[in-house]
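The data block below is final15.cif; it holds mmCIF, C-alpha atoms and all ligand atoms.
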```cif
data_final
loop_
_atom_site.label_atom_id
_atom_site.label_comp_id
_atom_site.auth_asym_id
_atom_site.auth_seq_id
_atom_site.Cartn_x
_atom_site.Cartn_y
_atom_site.Cartn_z
CA MET A 1 9.72 -17.10 -0.37
CA PRO A 2 10.39 -15.10 -3.51
CA TRP A 3 7.87 -12.70 -5.06
CA ASP A 4 5.29 -15.22 -6.26
CA LEU A 5 2.26 -14.97 -8.45
CA ILE A 6 -1.09 -14.31 -6.78
CA LYS A 7 -4.20 -15.92 -8.25
CA LEU A 8 -7.00 -13.57 -9.27
CA ASN A 9 -10.72 -14.35 -9.20
CA ASP A 10 -10.86 -14.58 -13.02
CA GLY A 11 -8.35 -17.44 -13.22
CA THR A 12 -5.34 -15.29 -14.22
CA SER A 13 -2.32 -14.64 -11.99
CA ILE A 14 -0.58 -11.40 -11.09
CA PRO A 15 3.09 -10.95 -10.07
CA SER A 16 3.07 -9.91 -6.42
CA VAL A 17 5.48 -6.99 -6.85
CA ALA A 18 5.07 -4.18 -9.37
CA TYR A 19 7.36 -1.40 -10.54
CA GLY A 20 5.35 1.83 -10.66
CA THR A 21 5.93 4.69 -13.10
CA TRP A 22 4.03 7.45 -11.25
CA ARG A 23 6.88 9.83 -10.46
CA LEU A 24 9.30 8.84 -13.20
CA GLY A 25 8.33 11.73 -15.47
CA SER A 26 8.44 11.37 -19.23
CA GLY A 27 11.18 11.20 -21.85
CA ASP A 28 14.23 9.00 -22.30
CA GLN A 29 15.12 8.89 -18.63
CA SER A 30 11.86 7.22 -17.68
CA VAL A 31 12.35 4.68 -20.49
CA ASP A 32 15.74 3.91 -18.91
CA TYR A 33 14.24 3.48 -15.42
CA VAL A 34 11.63 0.98 -16.65
CA ASP A 35 14.28 -0.73 -18.79
CA GLU A 36 16.48 -1.15 -15.73
CA ALA A 37 13.59 -2.37 -13.57
CA ILE A 38 12.79 -5.09 -16.09
CA SER A 39 16.46 -6.03 -16.39
CA VAL A 40 16.80 -6.57 -12.62
CA GLY A 41 13.73 -8.82 -12.56
CA PHE A 42 10.49 -6.82 -12.34
CA SER A 43 7.88 -8.51 -14.54
CA HIS A 44 4.96 -6.27 -13.56
CA ILE A 45 4.80 -2.62 -14.64
CA ASP A 46 2.17 -0.41 -13.02
CA THR A 47 1.32 2.70 -15.00
CA ALA A 48 -1.70 4.94 -15.63
CA GLN A 49 -3.21 7.26 -18.21
CA GLY A 50 -2.60 10.03 -15.68
CA TYR A 51 1.13 9.35 -15.19
CA GLY A 52 1.90 10.64 -18.68
CA ASN A 53 4.51 7.98 -19.41
CA GLU A 54 2.66 4.98 -20.83
CA ALA A 55 4.55 5.46 -24.11
CA GLU A 56 7.88 5.39 -22.25
CA ALA A 57 6.85 2.25 -20.34
CA GLY A 58 5.78 0.66 -23.63
CA LYS A 59 9.08 1.53 -25.28
CA ALA A 60 11.05 -0.02 -22.41
CA ILE A 61 8.88 -3.15 -22.53
CA ARG A 62 9.50 -3.54 -26.26
CA GLU A 63 13.23 -2.90 -25.82
CA SER A 64 13.41 -5.60 -23.14
CA GLY A 65 12.77 -8.19 -25.83
CA LEU A 66 10.45 -10.08 -23.47
CA ALA A 67 7.55 -11.95 -25.02
CA ARG A 68 4.24 -10.22 -24.31
CA LYS A 69 3.13 -13.10 -22.08
CA ASP A 70 6.22 -12.65 -19.88
CA ILE A 71 5.44 -9.11 -18.80
CA TYR A 72 2.39 -8.07 -16.80
CA ILE A 73 1.05 -4.60 -17.59
CA THR A 74 -1.37 -2.67 -15.41
CA THR A 75 -2.72 0.68 -16.52
CA LYS A 76 -5.57 2.85 -15.27
CA PHE A 77 -8.38 5.05 -16.51
CA SER A 78 -7.49 8.45 -14.99
CA ASN A 79 -10.22 10.53 -16.64
CA ARG A 80 -7.80 12.67 -18.67
CA ASP A 81 -8.05 14.52 -21.98
CA GLY A 82 -11.85 14.26 -22.09
CA LEU A 83 -11.65 10.60 -23.14
CA THR A 84 -14.33 8.07 -22.24
CA ILE A 85 -13.21 4.78 -20.70
CA GLU A 86 -13.49 3.08 -24.09
CA GLU A 87 -11.46 5.80 -25.81
CA ALA A 88 -8.91 5.92 -22.99
CA ILE A 89 -8.06 2.22 -23.13
CA GLN A 90 -7.55 2.46 -26.89
CA SER A 91 -5.24 5.42 -26.34
CA SER A 92 -3.33 3.55 -23.59
CA LEU A 93 -2.93 0.44 -25.76
CA LYS A 94 -1.61 2.59 -28.59
CA LYS A 95 0.87 4.38 -26.32
CA LEU A 96 1.99 1.13 -24.70
CA GLY A 97 2.25 -0.51 -28.12
CA VAL A 98 0.37 -3.64 -27.08
CA GLU A 99 -2.88 -5.31 -28.10
CA TYR A 100 -4.09 -5.89 -24.57
CA VAL A 101 -3.18 -5.00 -21.01
CA ASP A 102 -3.25 -7.51 -18.20
CA LEU A 103 -5.12 -5.35 -15.72
CA TYR A 104 -7.16 -2.21 -16.33
CA LEU A 105 -8.26 -0.18 -13.31
CA ILE A 106 -10.58 2.74 -12.67
CA HIS A 107 -8.01 4.99 -10.97
CA TRP A 108 -10.35 6.74 -8.49
CA PRO A 109 -14.04 6.18 -7.66
CA GLY A 110 -14.88 9.72 -8.80
CA TYR A 111 -13.77 8.81 -12.33
CA ALA A 112 -16.54 6.22 -12.58
CA GLN A 113 -18.96 8.45 -14.48
CA PRO A 114 -21.90 8.95 -14.74
CA ASP A 115 -22.02 6.40 -11.90
CA ILE A 116 -20.19 3.29 -10.72
CA PRO A 117 -22.58 0.68 -12.22
CA THR A 118 -22.53 2.33 -15.67
CA ALA A 119 -18.74 2.74 -15.71
CA TRP A 120 -18.25 -0.82 -14.48
CA ALA A 121 -20.47 -2.19 -17.26
CA VAL A 122 -18.07 -0.52 -19.72
CA MET A 123 -15.10 -2.16 -17.97
CA GLU A 124 -16.84 -5.55 -18.30
CA LYS A 125 -17.25 -4.89 -22.01
CA LEU A 126 -13.51 -4.12 -22.40
CA LYS A 127 -12.69 -7.44 -20.77
CA ALA A 128 -15.15 -9.30 -23.01
CA GLN A 129 -13.51 -7.63 -26.05
CA GLY A 130 -10.09 -8.91 -24.93
CA LEU A 131 -8.60 -5.42 -24.55
CA THR A 132 -7.70 -6.30 -20.96
CA LYS A 133 -7.37 -9.71 -19.32
CA SER A 134 -8.58 -8.48 -15.92
CA ILE A 135 -10.53 -5.50 -14.65
CA GLY A 136 -10.35 -3.79 -11.31
CA VAL A 137 -10.50 -0.56 -9.37
CA SER A 138 -8.24 1.68 -7.33
CA ASN A 139 -8.83 3.78 -4.22
CA PHE A 140 -12.32 2.31 -3.84
CA GLU A 141 -13.65 2.15 -0.30
CA ILE A 142 -16.21 -0.33 1.04
CA PRO A 143 -19.30 1.75 0.05
CA HIS A 144 -17.96 2.10 -3.52
CA LEU A 145 -17.30 -1.64 -3.73
CA GLU A 146 -20.80 -2.38 -2.38
CA ILE A 147 -22.39 -0.28 -5.14
CA LEU A 148 -20.20 -1.96 -7.74
CA ILE A 149 -20.79 -5.51 -6.53
CA ASN A 150 -24.57 -5.00 -6.46
CA SER A 151 -24.62 -4.40 -10.21
CA ALA A 152 -21.57 -6.33 -11.42
CA LYS A 153 -21.61 -9.37 -13.67
CA VAL A 154 -17.83 -9.66 -13.20
CA TYR A 155 -16.37 -8.81 -9.80
CA PRO A 156 -13.23 -6.67 -9.76
CA ALA A 157 -10.07 -8.76 -9.72
CA ALA A 158 -8.15 -6.16 -7.71
CA ASN A 159 -8.45 -2.95 -5.72
CA GLN A 160 -5.25 -0.88 -5.64
CA ILE A 161 -5.07 1.15 -2.42
CA GLN A 162 -2.46 2.81 -0.24
CA ILE A 163 -1.04 0.32 2.27
CA HIS A 164 1.81 0.98 4.68
CA ALA A 165 2.63 0.25 8.30
CA TYR A 166 0.89 3.40 9.60
CA ASN A 167 -2.44 2.89 7.81
CA PHE A 168 -2.63 -0.89 7.74
CA GLN A 169 -5.09 -1.18 10.65
CA ASP A 170 -7.38 1.36 9.00
CA GLN A 171 -7.20 -0.45 5.66
CA LEU A 172 -7.74 -3.93 7.15
CA PRO A 173 -11.59 -3.87 6.96
CA LEU A 174 -11.34 -2.90 3.27
CA ILE A 175 -8.80 -5.65 2.59
CA GLU A 176 -11.03 -8.18 4.41
CA PHE A 177 -14.12 -6.97 2.55
CA GLY A 178 -12.24 -7.49 -0.74
CA LYS A 179 -11.27 -11.03 0.28
CA LYS A 180 -14.96 -11.91 0.78
CA TYR A 181 -15.52 -11.25 -2.93
CA GLY A 182 -12.20 -12.59 -4.18
CA ILE A 183 -10.87 -9.06 -4.78
CA VAL A 184 -7.10 -8.98 -4.30
CA SER A 185 -5.75 -5.83 -2.66
CA GLU A 186 -2.75 -4.13 -4.19
CA GLY A 187 -0.81 -1.90 -1.81
CA TYR A 188 0.88 1.22 -3.17
CA SER A 189 3.32 3.53 -1.35
CA PRO A 190 4.52 0.87 1.13
CA LEU A 191 7.63 2.95 1.92
CA ILE A 192 5.75 5.91 3.42
CA PRO A 193 7.13 5.19 6.94
CA ILE A 194 10.60 6.16 5.65
CA THR A 195 9.75 8.54 2.79
CA ARG A 196 6.96 10.78 4.08
CA MET A 197 6.62 9.85 7.78
CA PRO A 198 10.14 9.19 9.07
CA GLY A 199 10.86 9.58 12.78
CA GLY A 200 7.79 7.65 13.92
CA PRO A 201 7.48 4.52 16.09
CA VAL A 202 8.09 2.16 13.14
CA ASP A 203 11.71 3.35 12.88
CA LYS A 204 12.83 1.39 15.96
CA PRO A 205 11.74 -2.13 14.98
CA LEU A 206 12.61 -1.34 11.36
CA ASN A 207 16.19 -0.45 12.22
CA GLU A 208 16.57 -3.43 14.55
CA ILE A 209 15.24 -5.87 11.96
CA SER A 210 17.32 -4.29 9.17
CA SER A 211 20.54 -4.62 11.22
CA ARG A 212 19.79 -8.19 12.22
CA LEU A 213 19.04 -9.28 8.66
CA ASN A 214 21.72 -7.06 7.14
CA ALA A 215 19.02 -5.54 4.95
CA LYS A 216 17.94 -2.02 4.00
CA PRO A 217 14.90 -0.55 5.79
CA GLU A 218 13.04 -0.30 2.47
CA GLN A 219 13.55 -4.03 1.93
CA VAL A 220 12.10 -4.79 5.35
CA LEU A 221 9.04 -2.62 4.62
CA LEU A 222 8.48 -4.39 1.31
CA ALA A 223 8.83 -7.80 2.96
CA TRP A 224 6.37 -6.66 5.65
CA ALA A 225 3.85 -5.58 2.96
CA LYS A 226 4.34 -8.90 1.17
CA SER A 227 3.53 -10.75 4.41
CA LYS A 228 0.04 -9.22 4.25
CA GLY A 229 -0.72 -11.14 1.04
CA VAL A 230 -1.17 -8.03 -1.07
CA VAL A 231 0.39 -7.13 -4.42
CA VAL A 232 3.14 -4.64 -3.52
CA VAL A 233 3.35 -1.61 -5.82
CA THR A 234 6.57 0.33 -5.33
CA SER A 235 9.15 2.32 -7.27
CA THR A 236 12.66 3.75 -7.32
CA THR A 237 14.95 5.52 -9.75
CA LYS A 238 18.06 3.75 -8.40
CA LYS A 239 19.27 0.48 -9.85
CA GLU A 240 20.74 -0.66 -6.54
CA ARG A 241 17.37 -0.19 -4.84
CA MET A 242 15.58 -2.01 -7.68
CA GLU A 243 17.82 -5.01 -7.01
CA GLY A 244 17.18 -4.67 -3.29
CA TYR A 245 13.42 -4.59 -3.85
CA ILE A 246 13.54 -7.84 -5.84
CA ALA A 247 15.77 -9.45 -3.19
CA ALA A 248 13.31 -8.35 -0.47
CA GLY A 249 10.99 -11.13 -1.66
CA ASP A 250 13.37 -13.58 0.04
CA LEU A 251 13.86 -11.67 3.30
CA PRO A 252 13.16 -14.08 6.17
CA LEU A 253 10.94 -11.89 8.39
CA THR A 254 9.72 -13.74 11.47
CA VAL A 255 6.18 -13.63 12.85
CA GLU A 256 7.64 -11.51 15.67
CA ASP A 257 9.19 -9.04 13.20
CA ILE A 258 5.85 -8.58 11.45
CA ALA A 259 4.04 -8.17 14.78
CA ALA A 260 6.61 -5.58 15.96
CA ILE A 261 6.05 -3.46 12.84
CA ASP A 262 2.26 -3.88 13.13
CA GLU A 263 2.36 -2.73 16.76
CA ALA A 264 4.58 0.29 16.03
CA GLY A 265 2.37 1.15 13.06
CA LYS A 266 -0.73 1.21 15.29
CA GLN A 267 1.00 3.57 17.74
CA GLY A 268 2.03 5.86 14.89
CA ALA A 269 -1.51 6.02 13.61
CA ARG A 270 -2.69 7.02 17.11
CA GLN A 271 0.04 9.68 17.31
CA GLN A 272 -1.00 11.01 13.92
CA THR A 273 -4.65 11.24 15.02
CA ALA A 274 -3.61 13.06 18.21
CA ARG A 275 -1.35 15.42 16.22
CA THR A 276 -4.13 16.16 13.72
CA PHE A 277 -6.51 16.90 16.61
CA ILE A 278 -4.01 19.28 18.26
CA ARG A 279 -3.25 21.00 14.93
CA ARG A 280 -6.97 21.54 14.29
CA ALA A 281 -7.53 22.81 17.83
CA VAL A 282 -4.64 25.28 17.48
CA PHE A 283 -6.00 26.40 14.10
CA ILE A 284 -9.52 26.96 15.48
CA CYS A 285 -8.13 28.87 18.51
CA GLY A 286 -6.06 30.98 16.11
CA LEU A 287 -9.13 31.79 14.03
CA GLY A 288 -11.04 32.68 17.19
CA ALA A 289 -8.24 35.03 18.32
CA ILE A 290 -8.20 36.75 14.90
CA ALA A 291 -11.99 37.14 14.99
CA LEU A 292 -11.81 38.65 18.49
CA GLY A 293 -9.01 40.99 17.43
CA LEU A 294 -10.97 42.13 14.38
CA ALA A 295 -14.12 42.62 16.39
CA GLY A 296 -12.15 44.66 18.93
CA ALA A 297 -10.61 46.82 16.18
CA LEU A 298 -14.06 47.44 14.69
CA GLY A 299 -15.50 48.24 18.09
CA ILE A 300 -17.89 45.26 18.01
CA ASP A 301 -18.56 43.72 21.39
CA ILE A 302 -19.01 39.98 20.79
CA LEU A 303 -18.28 38.69 24.29
N1 LIG B 401 -3.46 3.91 -7.61
C1 LIG B 401 -3.02 5.04 -7.11
O1 LIG B 401 -3.78 6.00 -6.86
C2 LIG B 401 -1.56 5.19 -6.81
C3 LIG B 401 -1.11 6.23 -6.00
C4 LIG B 401 0.27 6.31 -5.71
C5 LIG B 401 1.14 5.36 -6.24
N2 LIG B 401 0.65 4.37 -7.07
C6 LIG B 401 1.57 3.40 -7.70
O2 LIG B 401 2.51 2.95 -6.76
C7 LIG B 401 3.84 3.21 -7.23
C8 LIG B 401 4.76 3.46 -6.06
O3 LIG B 401 4.31 4.62 -5.35
P1 LIG B 401 5.32 5.38 -4.39
O4 LIG B 401 6.40 5.97 -5.18
O5 LIG B 401 4.52 6.27 -3.51
O6 LIG B 401 5.85 4.11 -3.55
P2 LIG B 401 6.93 3.80 -2.45
O7 LIG B 401 7.44 2.46 -2.82
O8 LIG B 401 6.33 3.97 -1.11
O9 LIG B 401 8.05 4.90 -2.60
C9 LIG B 401 8.99 4.87 -3.62
C10 LIG B 401 9.96 5.99 -3.34
O10 LIG B 401 10.70 5.65 -2.19
C11 LIG B 401 11.98 6.21 -2.32
N3 LIG B 401 12.87 5.46 -1.43
C12 LIG B 401 13.19 4.16 -1.46
N4 LIG B 401 14.00 3.83 -0.45
C13 LIG B 401 14.22 4.98 0.25
C14 LIG B 401 14.99 5.29 1.40
N5 LIG B 401 15.70 4.37 2.04
N6 LIG B 401 14.99 6.57 1.83
C15 LIG B 401 14.26 7.53 1.19
N7 LIG B 401 13.51 7.29 0.08
C16 LIG B 401 13.50 6.01 -0.37
C17 LIG B 401 12.31 6.06 -3.79
O11 LIG B 401 13.19 7.11 -4.15
P3 LIG B 401 14.43 6.87 -5.13
O12 LIG B 401 13.88 7.02 -6.51
O13 LIG B 401 15.33 8.01 -4.76
O14 LIG B 401 14.97 5.53 -4.84
C18 LIG B 401 10.94 6.24 -4.45
O15 LIG B 401 10.74 7.57 -4.86
C19 LIG B 401 3.65 4.41 -8.18
O16 LIG B 401 4.70 4.55 -9.09
C20 LIG B 401 2.35 4.03 -8.84
O17 LIG B 401 2.59 3.07 -9.84
C21 LIG B 401 -0.68 4.26 -7.33
#
```
Now that the file is in, can you turn its structure into structure tokens?
Amino acid sequence: MPWDLIKLNDGTSIPSVAYGTWRLGSGDQSVDYVDEAISVGFSHIDTAQGYGNEAEAGKAIRESGLARKDIYITTKFSNRDGLTIEEAIQSSLKKLGVEYVDLYLIHWPGYAQPDIPTAWAVMEKLKAQGLTKSIGVSNFEIPHLEILINSAKVYPAANQIQIHAYNFQDQLPLIEFGKKYGIVSEGYSPLIPITRMPGGPVDKPLNEISSRLNAKPEQVLLAWAKSKGVVVVTSTTKKERMEGYIAAGDLPLTVEDIAAIDEAGKQGARQQTARTFIRRAVFICGLGAIALGLAGALGIDIL
């Protein structure tokens, strides 16, 4: 199955893979990256006020020649430059060079000021004004969503959170909670098992599946994320990888492949927890030894 559209709770649809501009920097090079991503088939660009390259993304979108309706634009309120939500969306629209965005998100719960209900009411107003087709949140956890839902007239269409093989089990309750209210989860940083946490238990099934399917590990991870029914938000600066990411929508992962990655992911999460515990224990012992040493040097008897 290729990268399809996913229906949102407000009747619109969102392309299930997005090209993110977070680490692309600014200037001509980032225009070229977004240009290339669109040319290989990405129709969803994920940017943010805080990424500092909305103007570059906008330039690439204009240069693509695509009609506005054929490109899906997500941007986020990142609480920068002292702008209110209302001012920030106007600034983003200007930089992007469009009259509306498709999805506007509150980037982090802490940016919902003075509180979540008040900030969300502003988001609802932006939607009513047609400045954004859909509204949503990012990095919200269940307690944040509960507060929001209790006061909302319009439920968020999406919650963009980190989802990869090593944190999937931890994120599952949040994903399920979202489903109850029609909130689609978007998963960013799906490639963490090979970018920031290589060498863990996921490597083995990943390499086996990649060899069998003659695919790259990053393609298998994207196909795995897709199998979870989330919108996959990824990125690369390499054209060859961009093409691979688009092709990953057709990778025929089996139920067993998905289960093997899930299982390895769970083990990795346990290993991480154990490692964190050991690191903390070593740190506390170290502090204790320093305190004892200092006390000894000062002639204080603390034992
Ligand atoms: N809402 C939020 O708070 C939030 C937070 C983080 C991210 N995001 C969004 O999600 C997007 C993607 O985030 P991400 O960059 O963390 O996602 P990712 O898809 O997990 O990682 C993308 C990175 O993986 C590298 N990569 C791909 N294949 C690789 C391989 N085989 N070996 C080593 N590295 C490989 C790419 O490097 P190359 O360029 O070298 O190919 C690229 O830098 C962001 O741009 C942003 O739009 C949102």
Could you tell me, counting all atoms listed in the file, which protein and nucleic acid residues lie no more than 9 Å from ligand LIG 401 (chain B), written as a compact mmCIF listing (two decimals) with C-alpha atoms, keeping the file's coordinate frame?
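Output file out_0.txt is given in full below:
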```
# COMPACT_ATOMS: atom_id res chain seq x y z
CA ALA A 18 5.07 -4.18 -9.37
CA TYR A 19 7.36 -1.40 -10.54
CA GLY A 20 5.35 1.83 -10.66
CA THR A 21 5.93 4.69 -13.10
CA TRP A 22 4.03 7.45 -11.25
CA ARG A 23 6.88 9.83 -10.46
CA LEU A 24 9.30 8.84 -13.20
CA ILE A 45 4.80 -2.62 -14.64
CA ASP A 46 2.17 -0.41 -13.02
CA THR A 47 1.32 2.70 -15.00
CA ALA A 48 -1.70 4.94 -15.63
CA TYR A 51 1.13 9.35 -15.19
CA THR A 74 -1.37 -2.67 -15.41
CA THR A 75 -2.72 0.68 -16.52
CA LYS A 76 -5.57 2.85 -15.27
CA LEU A 105 -8.26 -0.18 -13.31
CA ILE A 106 -10.58 2.74 -12.67
CA HIS A 107 -8.01 4.99 -10.97
CA TRP A 108 -10.35 6.74 -8.49
CA VAL A 137 -10.50 -0.56 -9.37
CA SER A 138 -8.24 1.68 -7.33
CA ASN A 139 -8.83 3.78 -4.22
CA ASN A 159 -8.45 -2.95 -5.72
CA GLN A 160 -5.25 -0.88 -5.64
CA ILE A 161 -5.07 1.15 -2.42
CA GLN A 162 -2.46 2.81 -0.24
CA ILE A 163 -1.04 0.32 2.27
CA HIS A 164 1.81 0.98 4.68
CA GLU A 186 -2.75 -4.13 -4.19
CA GLY A 187 -0.81 -1.90 -1.81
CA TYR A 188 0.88 1.22 -3.17
CA SER A 189 3.32 3.53 -1.35
CA PRO A 190 4.52 0.87 1.13
CA LEU A 191 7.63 2.95 1.92
CA ILE A 192 5.75 5.91 3.42
CA PRO A 193 7.13 5.19 6.94
CA ILE A 194 10.60 6.16 5.65
CA THR A 195 9.75 8.54 2.79
CA ARG A 196 6.96 10.78 4.08
CA LYS A 216 17.94 -2.02 4.00
CA PRO A 217 14.90 -0.55 5.79
CA GLU A 218 13.04 -0.30 2.47
CA GLN A 219 13.55 -4.03 1.93
CA LEU A 222 8.48 -4.39 1.31
CA VAL A 232 3.14 -4.64 -3.52
CA VAL A 233 3.35 -1.61 -5.82
CA THR A 234 6.57 0.33 -5.33
CA SER A 235 9.15 2.32 -7.27
CA THR A 236 12.66 3.75 -7.32
CA THR A 237 14.95 5.52 -9.75
CA LYS A 238 18.06 3.75 -8.40
CA LYS A 239 19.27 0.48 -9.85
CA GLU A 240 20.74 -0.66 -6.54
CA ARG A 241 17.37 -0.19 -4.84
CA MET A 242 15.58 -2.01 -7.68
```
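If all atoms listed in the file are the atoms counted, then among A:Lys69, A:Lys133, A:Lys94, A:Lys125 the closest residue to A:Asn9 is A:Lys133.
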For this session: To one decimal in Å, tell me the separation between atom CA of A:Lys180 and atom CA of A:Leu145.
Result: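 So the two atoms, atom CA of A:Lys180 and atom CA of A:Leu145, lie 11.5 Å apart.
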Exercise. Neighbours of A:Asp28 within 10 Å (all atoms listed in the file; same-chain residues fewer than 2 positions away dropped), as a list in words?
Worked result: Gly25, Ser26, Ser30, Val31, Asp32, Tyr33, Glu56, Lys59 and Ala60 of chain A
For this session: Would you mind telling me which residue in A:Ser134, A:Asn79, A:Asn53, A:Gln113 lies nearest to A:Ile14 when using all atoms listed in the file?
Result: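 Looking only at the distances to A:Ile14, the closest residue turns out to be A:Ser134.
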For this session: Using only C-alpha atoms, find the one residue out of A:Thr254, A:Gln171, A:Gln129, A:Ser210 that sits nearest to A:Gln90.
Result: A:Gln129
Problem set entry | Proximity to A:Ser13 - best of A:Ala88, A:Ile73, A:Leu83, A:Ala248, all atoms listed in the file | A:Ile73
Problem set entry | Nearest to A:Gly182 by atom-to-atom distance, counting only C-alpha atoms, from A:Gly136, A:Thr118, A:Lys228, A:Gln169 |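 Closest to A:Gly182, using only C-alpha atoms: A:Gly136.
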Exercise. Counting all atoms listed in the file, which of A:Phe168, A:Phe177, A:Tyr72, A:Tyr245 gets nearest to A:Phe140?
Worked result: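 For A:Phe140, the nearest of the given residues is A:Phe177.
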For this session: Could you give me, as number ranges by chain, the residues within 8 Å of A:Ala55, counting only C-alpha atoms and dropping anything in the same chain fewer than 4 positions from it?
Result: A: 59, 95-97
Those same residues - C-alpha atoms - I'd like them written as an mmCIF file, in the frame of the given file.
```
data_model
loop_
_atom_site.group_PDB
_atom_site.id
_atom_site.type_symbol
_atom_site.label_atom_id
_atom_site.label_comp_id
_atom_site.auth_asym_id
_atom_site.auth_seq_id
_atom_site.Cartn_x
_atom_site.Cartn_y
_atom_site.Cartn_z
ATOM 1 C CA LYS A 59 9.080 1.530 -25.280
ATOM 2 C CA LYS A 95 0.870 4.380 -26.320
ATOM 3 C CA LEU A 96 1.990 1.130 -24.700
ATOM 4 C CA GLY A 97 2.250 -0.510 -28.120
#
```
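Atom CA of A:Ser64 sits 17.6 Å away from atom CA of A:Leu93.
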Seminar exercise, completed: From atom CA of A:Val40 to atom CA of A:Glu63 the spacing works out at 14.2 Å
For this session: Please provide as a PyMOL selection string all residues within 8 Å of A:Ile183, with the sequence filter that same-chain residues fewer than 6 positions apart are discarded (counting only C-alpha atoms).
Result: chain A and resi 8-9+155-159
For A:His144, work out the shell of residues within 8 Å, counting all atoms listed in the file and skipping chain neighbours fewer than 4 positions away, then give it as an mmCIF file with C-alpha atoms, keeping the file's coordinate frame.
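Output saved as part21.cif:
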```cif
data_model
loop_
_atom_site.group_PDB
_atom_site.id
_atom_site.type_symbol
_atom_site.label_atom_id
_atom_site.label_comp_id
_atom_site.auth_asym_id
_atom_site.auth_seq_id
_atom_site.Cartn_x
_atom_site.Cartn_y
_atom_site.Cartn_z
ATOM 1 C CA PRO A 109 -14.040 6.180 -7.660
ATOM 2 C CA ILE A 116 -20.190 3.290 -10.720
ATOM 3 C CA PHE A 140 -12.320 2.310 -3.840
ATOM 4 C CA LEU A 148 -20.200 -1.960 -7.740
#
```
